[in-house]
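Student: My structure file input_18.pdb, PDB, C-alpha atoms, is below:
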ATOM      1  CA  MET A 159       0.000   0.000   0.000
ATOM      2  CA  THR A 160       2.956   2.302   0.535
ATOM      3  CA  THR A 161       3.845   2.089  -3.170
ATOM      4  CA  PHE A 162       0.273   2.990  -4.114
ATOM      5  CA  ILE A 163       0.264   6.025  -1.826
ATOM      6  CA  MET A 164       3.713   7.082  -3.042
ATOM      7  CA  ALA A 165       2.446   6.936  -6.652
ATOM      8  CA  LEU A 166      -0.611   9.034  -5.722
ATOM      9  CA  THR A 167       1.608  11.586  -3.965
ATOM     10  CA  VAL A 168       3.944  11.939  -6.942
ATOM     11  CA  GLY A 169       1.005  12.275  -9.357
ATOM     12  CA  ILE A 170      -0.666  14.977  -7.279
ATOM     13  CA  ALA A 171       2.633  16.845  -6.957
ATOM     14  CA  LEU A 172       2.970  16.778 -10.763
ATOM     15  CA  THR A 173      -0.545  18.202 -11.249
ATOM     16  CA  MET A 174       0.433  20.827  -8.654
ATOM     17  CA  LEU A 175       3.266  21.868 -10.992
ATOM     18  CA  VAL A 176       0.727  22.313 -13.797
ATOM     19  CA  SER A 177      -1.385  24.652 -11.681
ATOM     20  CA  LEU A 178       1.783  26.453 -10.582
ATOM     21  CA  TYR A 179       2.245  27.432 -14.236
ATOM     22  CA  ARG A 180      -1.099  29.245 -14.200
ATOM     23  CA  LEU A 181      -0.171  30.846 -10.892
ATOM     24  CA  LEU A 182       3.057  32.272 -12.346
ATOM     25  CA  HIS A 183       1.975  33.132 -15.921
ATOM     26  CA  GLY A 184      -1.760  33.793 -15.494
ATOM     27  CA  PRO A 185      -2.979  36.505 -17.866
ATOM     28  CA  THR A 186      -5.043  38.197 -15.194
ATOM     29  CA  LEU A 187      -4.728  38.622 -11.451
ATOM     30  CA  TRP A 188      -7.856  36.495 -10.940
ATOM     31  CA  ASP A 189      -6.295  33.528 -12.687
ATOM     32  CA  ARG A 190      -3.415  33.766 -10.257
ATOM     33  CA  LEU A 191      -5.859  33.850  -7.329
ATOM     34  CA  SER A 192      -7.718  30.746  -8.476
ATOM     35  CA  GLY A 193      -4.375  29.066  -9.165
ATOM     36  CA  LEU A 194      -3.437  29.799  -5.575
ATOM     37  CA  GLY A 195      -6.696  28.149  -4.527
ATOM     38  CA  LEU A 196      -5.927  25.056  -6.592
ATOM     39  CA  VAL A 197      -2.416  24.749  -5.149
ATOM     40  CA  GLY A 198      -3.908  25.056  -1.659
ATOM     41  CA  THR A 199      -6.486  22.372  -2.493
ATOM     42  CA  LYS A 200      -3.804  19.964  -3.608
ATOM     43  CA  THR A 201      -1.690  20.734  -0.559
ATOM     44  CA  ILE A 202      -4.574  19.560   1.642
ATOM     45  CA  VAL A 203      -4.598  16.138  -0.005
ATOM     46  CA  LEU A 204      -0.798  16.004  -0.077
ATOM     47  CA  VAL A 205      -0.643  16.519   3.697
ATOM     48  CA  LEU A 206      -3.223  13.740   4.184
ATOM     49  CA  LEU A 207      -1.106  11.373   2.098
ATOM     50  CA  MET A 208       2.095  12.450   3.872
ATOM     51  CA  GLY A 209       0.445  11.496   7.154
ATOM     52  CA  ARG A 210      -0.196   8.003   5.836
ATOM     53  CA  ILE A 211       3.389   7.688   4.532
ATOM     54  CA  THR A 212       5.050   8.807   7.758
ATOM     55  CA  GLY A 213       2.587   6.893   9.937
ATOM     56  CA  ARG A 214       1.611   9.902  12.105
ATOM     57  CA  GLU A 215      -1.991  10.288  10.985
ATOM     58  CA  ASP A 216      -3.166  11.676  14.305
ATOM     59  CA  ILE A 217      -1.089  14.843  13.852
ATOM     60  CA  PHE A 218      -1.369  15.259  10.093
ATOM     61  CA  VAL A 219      -5.176  15.104  10.063
ATOM     62  CA  ASP A 220      -5.268  18.031  12.490
ATOM     63  CA  ILE A 221      -2.861  19.939  10.259
ATOM     64  CA  THR A 222      -5.117  19.225   7.274
ATOM     65  CA  LEU A 223      -8.218  20.498   9.045
ATOM     66  CA  SER A 224      -6.563  23.758  10.111
ATOM     67  CA  TYR A 225      -5.010  24.217   6.676
ATOM     68  CA  THR A 226      -8.472  23.939   5.128
ATOM     69  CA  LEU A 227      -9.662  26.752   7.405
ATOM     70  CA  ILE A 228      -6.679  28.982   6.659
ATOM     71  CA  SER A 229      -6.945  28.430   2.907
ATOM     72  CA  PHE A 230     -10.665  29.335   2.898
ATOM     73  CA  ILE A 231     -10.172  32.517   4.916
ATOM     74  CA  GLY A 232      -7.155  33.521   2.822
ATOM     75  CA  ALA A 233      -9.015  33.092  -0.490
ATOM     76  CA  LEU A 234     -11.974  35.085   0.850
ATOM     77  CA  ALA A 235      -9.797  37.928   2.146
ATOM     78  CA  LEU A 236      -7.756  38.168  -1.074
ATOM     79  CA  ALA A 237     -10.872  38.214  -3.293
ATOM     80  CA  LYS A 238     -12.521  40.917  -1.204
ATOM     81  CA  TYR A 239      -9.306  42.962  -1.100
ATOM     82  CA  PHE A 240      -8.747  42.954  -4.851
ATOM     83  CA  GLU A 241     -12.439  43.622  -5.530
ATOM     84  CA  GLY A 242     -12.165  46.991  -3.845
ATOM     85  CA  LYS A 243      -8.836  47.882  -5.413
ATOM     86  CA  GLU A 244      -8.687  50.083  -8.506
ATOM     87  CA  THR A 245      -5.949  48.094 -10.253
ATOM     88  CA  GLY A 246      -5.982  46.726 -13.799
ATOM     89  CA  PRO A 247      -6.502  43.038 -14.557
TER      90      PRO A 247
ATOM     91  CA  MET B  42       5.049  -3.592   3.824
ATOM     92  CA  SER B  43       2.187  -5.508   2.292
ATOM     93  CA  GLU B  44      -1.225  -5.603   3.887
ATOM     94  CA  PRO B  45      -4.054  -8.026   3.076
ATOM     95  CA  ALA B  46      -6.416  -6.580   0.488
ATOM     96  CA  THR B  47      -9.606  -6.247   2.506
ATOM     97  CA  PRO B  48     -12.786  -5.008   0.769
ATOM     98  CA  LEU B  49     -12.518  -1.780   2.787
ATOM     99  CA  LEU B  50      -9.064  -1.067   1.402
ATOM    100  CA  PHE B  51     -10.272  -1.907  -2.101
ATOM    101  CA  VAL B  52     -13.087   0.654  -1.874
ATOM    102  CA  ALA B  53     -10.592   3.167  -0.452
ATOM    103  CA  ALA B  54      -8.240   2.581  -3.383
ATOM    104  CA  VAL B  55     -11.069   3.095  -5.896
ATOM    105  CA  ALA B  56     -12.083   6.332  -4.157
ATOM    106  CA  ALA B  57      -8.471   7.544  -4.137
ATOM    107  CA  TRP B  58      -8.130   6.808  -7.858
ATOM    108  CA  MET B  59     -11.337   8.729  -8.592
ATOM    109  CA  GLY B  60     -10.168  11.654  -6.496
ATOM    110  CA  SER B  61      -6.815  11.829  -8.239
ATOM    111  CA  PHE B  62      -8.604  11.592 -11.596
ATOM    112  CA  PHE B  63     -10.603  14.678 -10.675
ATOM    113  CA  PHE B  64      -7.385  16.445  -9.669
ATOM    114  CA  LEU B  65      -5.839  15.606 -13.051
ATOM    115  CA  ALA B  66      -8.974  16.781 -14.878
ATOM    116  CA  GLY B  67      -8.939  20.014 -12.859
ATOM    117  CA  ALA B  68      -5.300  20.671 -13.720
ATOM    118  CA  ILE B  69      -5.804  20.008 -17.450
ATOM    119  CA  GLY B  70      -8.923  22.143 -17.604
ATOM    120  CA  PHE B  71      -7.211  24.916 -15.686
ATOM    121  CA  LEU B  72      -4.396  24.882 -18.229
ATOM    122  CA  ARG B  73      -6.422  24.681 -21.438
ATOM    123  CA  LEU B  74      -9.746  26.528 -21.040
ATOM    124  CA  PRO B  75      -9.898  29.882 -22.848
ATOM    125  CA  ASP B  76     -10.815  32.583 -20.326
ATOM    126  CA  PHE B  77     -11.176  33.200 -16.595
ATOM    127  CA  TYR B  78     -14.888  32.470 -16.251
ATOM    128  CA  THR B  79     -14.577  29.047 -17.808
ATOM    129  CA  ARG B  80     -11.197  28.384 -16.255
ATOM    130  CA  VAL B  81     -12.337  28.850 -12.675
ATOM    131  CA  HIS B  82     -14.756  25.969 -13.166
ATOM    132  CA  ALA B  83     -11.957  23.381 -13.274
ATOM    133  CA  PRO B  84     -10.248  23.984  -9.887
ATOM    134  CA  THR B  85     -13.641  24.100  -8.189
ATOM    135  CA  LYS B  86     -14.519  20.726  -9.655
ATOM    136  CA  ALA B  87     -11.185  19.400  -8.436
ATOM    137  CA  ALA B  88     -11.804  20.779  -4.955
ATOM    138  CA  THR B  89     -15.446  19.776  -4.459
ATOM    139  CA  LEU B  90     -15.049  16.255  -5.847
ATOM    140  CA  GLY B  91     -11.335  15.522  -5.340
ATOM    141  CA  ILE B  92     -10.896  16.388  -1.672
ATOM    142  CA  PRO B  93     -14.067  14.594  -0.414
ATOM    143  CA  LEU B  94     -13.179  11.430  -2.336
ATOM    144  CA  MET B  95      -9.619  11.493  -0.985
ATOM    145  CA  ALA B  96     -10.815  12.210   2.553
ATOM    146  CA  PHE B  97     -13.356   9.383   2.180
ATOM    147  CA  ALA B  98     -10.525   7.025   1.200
ATOM    148  CA  SER B  99      -8.491   8.258   4.169
ATOM    149  CA  MET B 100     -11.507   7.700   6.429
ATOM    150  CA  LEU B 101     -11.873   4.111   5.229
ATOM    151  CA  VAL B 102      -8.166   3.453   5.777
ATOM    152  CA  HIS B 103      -8.355   4.895   9.293
ATOM    153  CA  LEU B 104     -11.452   2.816  10.026
ATOM    154  CA  GLY B 105      -9.739  -0.326   8.766
ATOM    155  CA  ALA B 106      -6.618   0.364  10.823
ATOM    156  CA  GLY B 107      -8.708   0.942  13.957
ATOM    157  CA  PHE B 108      -7.832   4.619  14.433
ATOM    158  CA  GLU B 109     -10.182   6.917  16.332
ATOM    159  CA  ILE B 110      -9.569   9.906  14.067
ATOM    160  CA  TRP B 111     -11.938   9.106  11.209
ATOM    161  CA  MET B 112     -14.380  11.784  12.473
ATOM    162  CA  GLU B 113     -11.875  14.436  11.436
ATOM    163  CA  ASP B 114     -12.016  13.171   7.857
ATOM    164  CA  VAL B 115     -15.810  13.562   8.017
ATOM    165  CA  LEU B 116     -15.236  17.124   9.254
ATOM    166  CA  ILE B 117     -12.891  17.811   6.321
ATOM    167  CA  ILE B 118     -15.532  16.564   3.852
ATOM    168  CA  LEU B 119     -18.285  18.692   5.425
ATOM    169  CA  PHE B 120     -16.081  21.763   5.605
ATOM    170  CA  VAL B 121     -14.914  21.501   1.997
ATOM    171  CA  PHE B 122     -18.492  21.034   0.768
ATOM    172  CA  LEU B 123     -19.515  24.158   2.679
ATOM    173  CA  THR B 124     -16.625  26.498   1.899
ATOM    174  CA  VAL B 125     -15.317  25.836  -1.612
ATOM    175  CA  PRO B 126     -18.471  26.933  -3.520
ATOM    176  CA  VAL B 127     -18.742  30.032  -1.331
ATOM    177  CA  SER B 128     -15.169  31.151  -1.919
ATOM    178  CA  THR B 129     -15.391  30.446  -5.655
ATOM    179  CA  GLN B 130     -18.589  32.415  -6.012
ATOM    180  CA  ILE B 131     -17.103  35.353  -4.151
ATOM    181  CA  LEU B 132     -14.020  35.203  -6.395
ATOM    182  CA  ILE B 133     -16.163  35.206  -9.564
ATOM    183  CA  ARG B 134     -18.372  38.056  -8.316
ATOM    184  CA  ALA B 135     -15.281  40.121  -7.558
ATOM    185  CA  ALA B 136     -13.785  39.375 -10.984
ATOM    186  CA  ALA B 137     -17.067  40.227 -12.741
ATOM    187  CA  ALA B 138     -17.317  43.474 -10.813
ATOM    188  CA  ARG B 139     -13.764  44.291 -11.964
ATOM    189  CA  LYS B 140     -14.862  43.521 -15.558
ATOM    190  CA  VAL B 141     -12.348  40.811 -16.374
ATOM    191  CA  PRO B 142     -12.496  40.238 -20.160
ATOM    192  CA  SER B 143     -14.051  36.995 -21.396
ATOM    193  CA  SER B 144     -13.181  35.201 -24.621
ATOM    194  CA  PRO B 145     -15.573  35.638 -27.590
ATOM    195  CA  GLU B 146     -16.196  31.878 -27.691
ATOM    196  CA  THR B 147     -17.742  31.968 -24.231
ATOM    197  CA  VAL B 148     -21.540  32.106 -24.378
ATOM    198  CA  GLY B 149     -23.079  34.584 -21.941
ATOM    199  CA  ARG B 150     -21.609  37.658 -20.369
ATOM    200  CA  PRO B 151     -21.253  38.541 -16.691
ATOM    201  CA  SER B 152     -24.047  40.911 -15.742
ATOM    202  CA  ILE B 153     -22.893  42.014 -12.317
ATOM    203  CA  GLU B 154     -22.537  45.735 -11.840
ATOM    204  CA  PRO B 155     -19.456  46.946  -9.969
ATOM    205  CA  VAL B 156     -19.999  47.273  -6.255
ATOM    206  CA  GLU B 157     -20.304  50.863  -5.094
ATOM    207  CA  ARG B 158     -17.436  51.317  -2.704
ATOM    208  CA  VAL B 159     -16.304  54.347  -0.753
ATOM    209  CA  ASP B 160     -12.640  55.085  -1.328
ATOM    210  CA  VAL B 161     -11.588  55.655   2.247
ATOM    211  CA  ASP B 162      -8.252  57.279   1.412
ATOM    212  CA  ARG B 163      -9.849  59.795  -0.951
ATOM    213  CA  VAL B 164     -12.539  60.713   1.587
ATOM    214  CA  ASN B 165      -9.889  61.259   4.250
ATOM    215  CA  GLN B 166      -7.864  63.480   1.939
ATOM    216  CA  GLU B 167     -10.891  65.591   1.037
ATOM    217  CA  GLU B 168     -11.721  66.107   4.672
TER     218      GLU B 168
END
Take the structure in the file and write it out as structure tokens.

Tutor:
Amino acid sequence: MTTFIMALTVGIALTMLVSLYRLLHGPTLWDRLSGLGLVGTKTIVLVLLMGRITGREDIFVDITLSYTLISFIGALALAKYFEGKETGP
Amino acid sequence: MSEPATPLLFVAAVAAWMGSFFFLAGAIGFLRLPDFYTRVHAPTKAATLGIPLMAFASMLVHLGAGFEIWMEDVLIILFVFLTVPVSTQILIRAAAARKVPSSPETVGRPSIEPVERVDVDRVNQEE
């Protein structure tokens, strides 16, 4: 089962690289923001899998739950901040 | 380390495969769709279907291993189902209010008027 989880972790890290491209080269600011959301989403699952690999699920599940909270509040605050700002796209 | 393939672990593996498929589909769609309004659809699909499936697989593995922490996986699923659509909708409303351009192939135009906001710095300077 460790090989299976290792393969899943590597695959999700590769798709994270794909969304990192949109985060760095996004045509508009909003593409970068949603790319940040996607990277955060994949980090959540990556931390869950890391917990299974290292065998310390009891700690890593707590980290996952709090990371979900922080990612939600961060996305909300950034969207509201840039909505009120008079900058270009 | 090889564990016996119980039916619980089999279901968990199928759920993990489906979740990672949705992550792959989200990444490809995020890379290839033409403009912001269509592009934001892909990461949301990855989040609302990928994370719950993965957390469901994690919950089954924890249940099979006899851990007491499977309730936290249920909390992750509930929380993601509640928050991801909300944050995506707020992001799209903000982008539509900022009049982000959409590609001509996209059917339908955003019809949200910009939010009337008081520029606090300007008001302070005028006073």

Student: If you count all atoms listed in the file, which residues fall within 8 Å of region 54-68 of chain B, apart from same-chain ones fewer than 3 positions away, as a PyMOL selection string?

Tutor: (chain A and resi 166+169-170+173-174+176-177+200) or (chain B and resi 50-51+71-72+83-88+90-95+97-98)

Student: Quick one: distance from CA of Ile163 (chain A) to CA of Ile228 (chain A) in Å, one decimal?

Tutor: 25.4 Å

Student: Considering only C-alpha atoms, tabulate each residue of chain A that lies at most 8 Å from chain B along with its nearest interatomic pair and the corresponding distance in Å to one decimal; arrange the rows by chain and ascending residue number and present them as JSON lines.

Tutor:
{"residue": "A:Met159", "atom": "CA", "partner": "B:Ser43", "partner_atom": "CA", "distance": 6.4}
{"residue": "A:Thr160", "atom": "CA", "partner": "B:Met42", "partner_atom": "CA", "distance": 7.1}
{"residue": "A:Leu166", "atom": "CA", "partner": "B:Ser61", "partner_atom": "CA", "distance": 7.3}
{"residue": "A:Gly169", "atom": "CA", "partner": "B:Ser61", "partner_atom": "CA", "distance": 7.9}
{"residue": "A:Ile170", "atom": "CA", "partner": "B:Ser61", "partner_atom": "CA", "distance": 7.0}
{"residue": "A:Thr173", "atom": "CA", "partner": "B:Ala68", "partner_atom": "CA", "distance": 5.9}
{"residue": "A:Met174", "atom": "CA", "partner": "B:Ala68", "partner_atom": "CA", "distance": 7.7}
{"residue": "A:Val176", "atom": "CA", "partner": "B:Ala68", "partner_atom": "CA", "distance": 6.2}
{"residue": "A:Ser177", "atom": "CA", "partner": "B:Ala68", "partner_atom": "CA", "distance": 5.9}
{"residue": "A:Arg180", "atom": "CA", "partner": "B:Leu72", "partner_atom": "CA", "distance": 6.8}
{"residue": "A:Thr186", "atom": "CA", "partner": "B:Val141", "partner_atom": "CA", "distance": 7.8}
{"residue": "A:Trp188", "atom": "CA", "partner": "B:Ala136", "partner_atom": "CA", "distance": 6.6}
{"residue": "A:Asp189", "atom": "CA", "partner": "B:Phe77", "partner_atom": "CA", "distance": 6.3}
{"residue": "A:Ser192", "atom": "CA", "partner": "B:Val81", "partner_atom": "CA", "distance": 6.5}
{"residue": "A:Gly193", "atom": "CA", "partner": "B:Pro84", "partner_atom": "CA", "distance": 7.8}
{"residue": "A:Gly195", "atom": "CA", "partner": "B:Pro84", "partner_atom": "CA", "distance": 7.7}
{"residue": "A:Leu196", "atom": "CA", "partner": "B:Pro84", "partner_atom": "CA", "distance": 5.5}
{"residue": "A:Thr199", "atom": "CA", "partner": "B:Ala88", "partner_atom": "CA", "distance": 6.1}
{"residue": "A:Lys200", "atom": "CA", "partner": "B:Phe64", "partner_atom": "CA", "distance": 7.9}
{"residue": "A:Ile202", "atom": "CA", "partner": "B:Ile92", "partner_atom": "CA", "distance": 7.8}
{"residue": "A:Val203", "atom": "CA", "partner": "B:Ile92", "partner_atom": "CA", "distance": 6.5}
{"residue": "A:Leu206", "atom": "CA", "partner": "B:Ser99", "partner_atom": "CA", "distance": 7.6}
{"residue": "A:Asp216", "atom": "CA", "partner": "B:Ile110", "partner_atom": "CA", "distance": 6.6}
{"residue": "A:Val219", "atom": "CA", "partner": "B:Glu113", "partner_atom": "CA", "distance": 6.9}
{"residue": "A:Asp220", "atom": "CA", "partner": "B:Glu113", "partner_atom": "CA", "distance": 7.6}
{"residue": "A:Thr222", "atom": "CA", "partner": "B:Ile117", "partner_atom": "CA", "distance": 8.0}
{"residue": "A:Leu223", "atom": "CA", "partner": "B:Ile117", "partner_atom": "CA", "distance": 6.0}
{"residue": "A:Thr226", "atom": "CA", "partner": "B:Val121", "partner_atom": "CA", "distance": 7.6}
{"residue": "A:Phe230", "atom": "CA", "partner": "B:Thr124", "partner_atom": "CA", "distance": 6.7}
{"residue": "A:Ala233", "atom": "CA", "partner": "B:Ser128", "partner_atom": "CA", "distance": 6.6}
{"residue": "A:Leu234", "atom": "CA", "partner": "B:Ser128", "partner_atom": "CA", "distance": 5.8}
{"residue": "A:Ala237", "atom": "CA", "partner": "B:Leu132", "partner_atom": "CA", "distance": 5.3}
{"residue": "A:Lys238", "atom": "CA", "partner": "B:Ala135", "partner_atom": "CA", "distance": 7.0}
{"residue": "A:Phe240", "atom": "CA", "partner": "B:Ala135", "partner_atom": "CA", "distance": 7.6}
{"residue": "A:Glu241", "atom": "CA", "partner": "B:Ala135", "partner_atom": "CA", "distance": 4.9}
{"residue": "A:Gly242", "atom": "CA", "partner": "B:Arg158", "partner_atom": "CA", "distance": 6.9}
{"residue": "A:Pro247", "atom": "CA", "partner": "B:Val141", "partner_atom": "CA", "distance": 6.5}

Student: Please write the residues from the selection above to a file, keeping C-alpha atoms, as a CSV table (one decimal), keeping the file's coordinate frame.

Tutor:
chain,number,residue,atom,x,y,z
A,159,MET,CA,0.0,0.0,0.0
A,160,THR,CA,3.0,2.3,0.5
A,166,LEU,CA,-0.6,9.0,-5.7
A,169,GLY,CA,1.0,12.3,-9.4
A,170,ILE,CA,-0.7,15.0,-7.3
A,173,THR,CA,-0.5,18.2,-11.2
A,174,MET,CA,0.4,20.8,-8.7
A,176,VAL,CA,0.7,22.3,-13.8
A,177,SER,CA,-1.4,24.7,-11.7
A,180,ARG,CA,-1.1,29.2,-14.2
A,186,THR,CA,-5.0,38.2,-15.2
A,188,TRP,CA,-7.9,36.5,-10.9
A,189,ASP,CA,-6.3,33.5,-12.7
A,192,SER,CA,-7.7,30.7,-8.5
A,193,GLY,CA,-4.4,29.1,-9.2
A,195,GLY,CA,-6.7,28.1,-4.5
A,196,LEU,CA,-5.9,25.1,-6.6
A,199,THR,CA,-6.5,22.4,-2.5
A,200,LYS,CA,-3.8,20.0,-3.6
A,202,ILE,CA,-4.6,19.6,1.6
A,203,VAL,CA,-4.6,16.1,0.0
A,206,LEU,CA,-3.2,13.7,4.2
A,216,ASP,CA,-3.2,11.7,14.3
A,219,VAL,CA,-5.2,15.1,10.1
A,220,ASP,CA,-5.3,18.0,12.5
A,222,THR,CA,-5.1,19.2,7.3
A,223,LEU,CA,-8.2,20.5,9.0
A,226,THR,CA,-8.5,23.9,5.1
A,230,PHE,CA,-10.7,29.3,2.9
A,233,ALA,CA,-9.0,33.1,-0.5
A,234,LEU,CA,-12.0,35.1,0.8
A,237,ALA,CA,-10.9,38.2,-3.3
A,238,LYS,CA,-12.5,40.9,-1.2
A,240,PHE,CA,-8.7,43.0,-4.9
A,241,GLU,CA,-12.4,43.6,-5.5
A,242,GLY,CA,-12.2,47.0,-3.8
A,247,PRO,CA,-6.5,43.0,-14.6

Student: Which distance in Å separates CA of Thr147 (chain B) and CA of Tyr179 (chain A), to one decimal?

Tutor: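 Atom-to-atom, CA of Thr147 (chain B) to CA of Tyr179 (chain A), that is 22.8 Å.
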
Student: Which distance in Å separates CA of Ser229 (chain A) and CA of Gly198 (chain A), to one decimal?

Tutor: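 Interatomic distance here is 6.4 Å.
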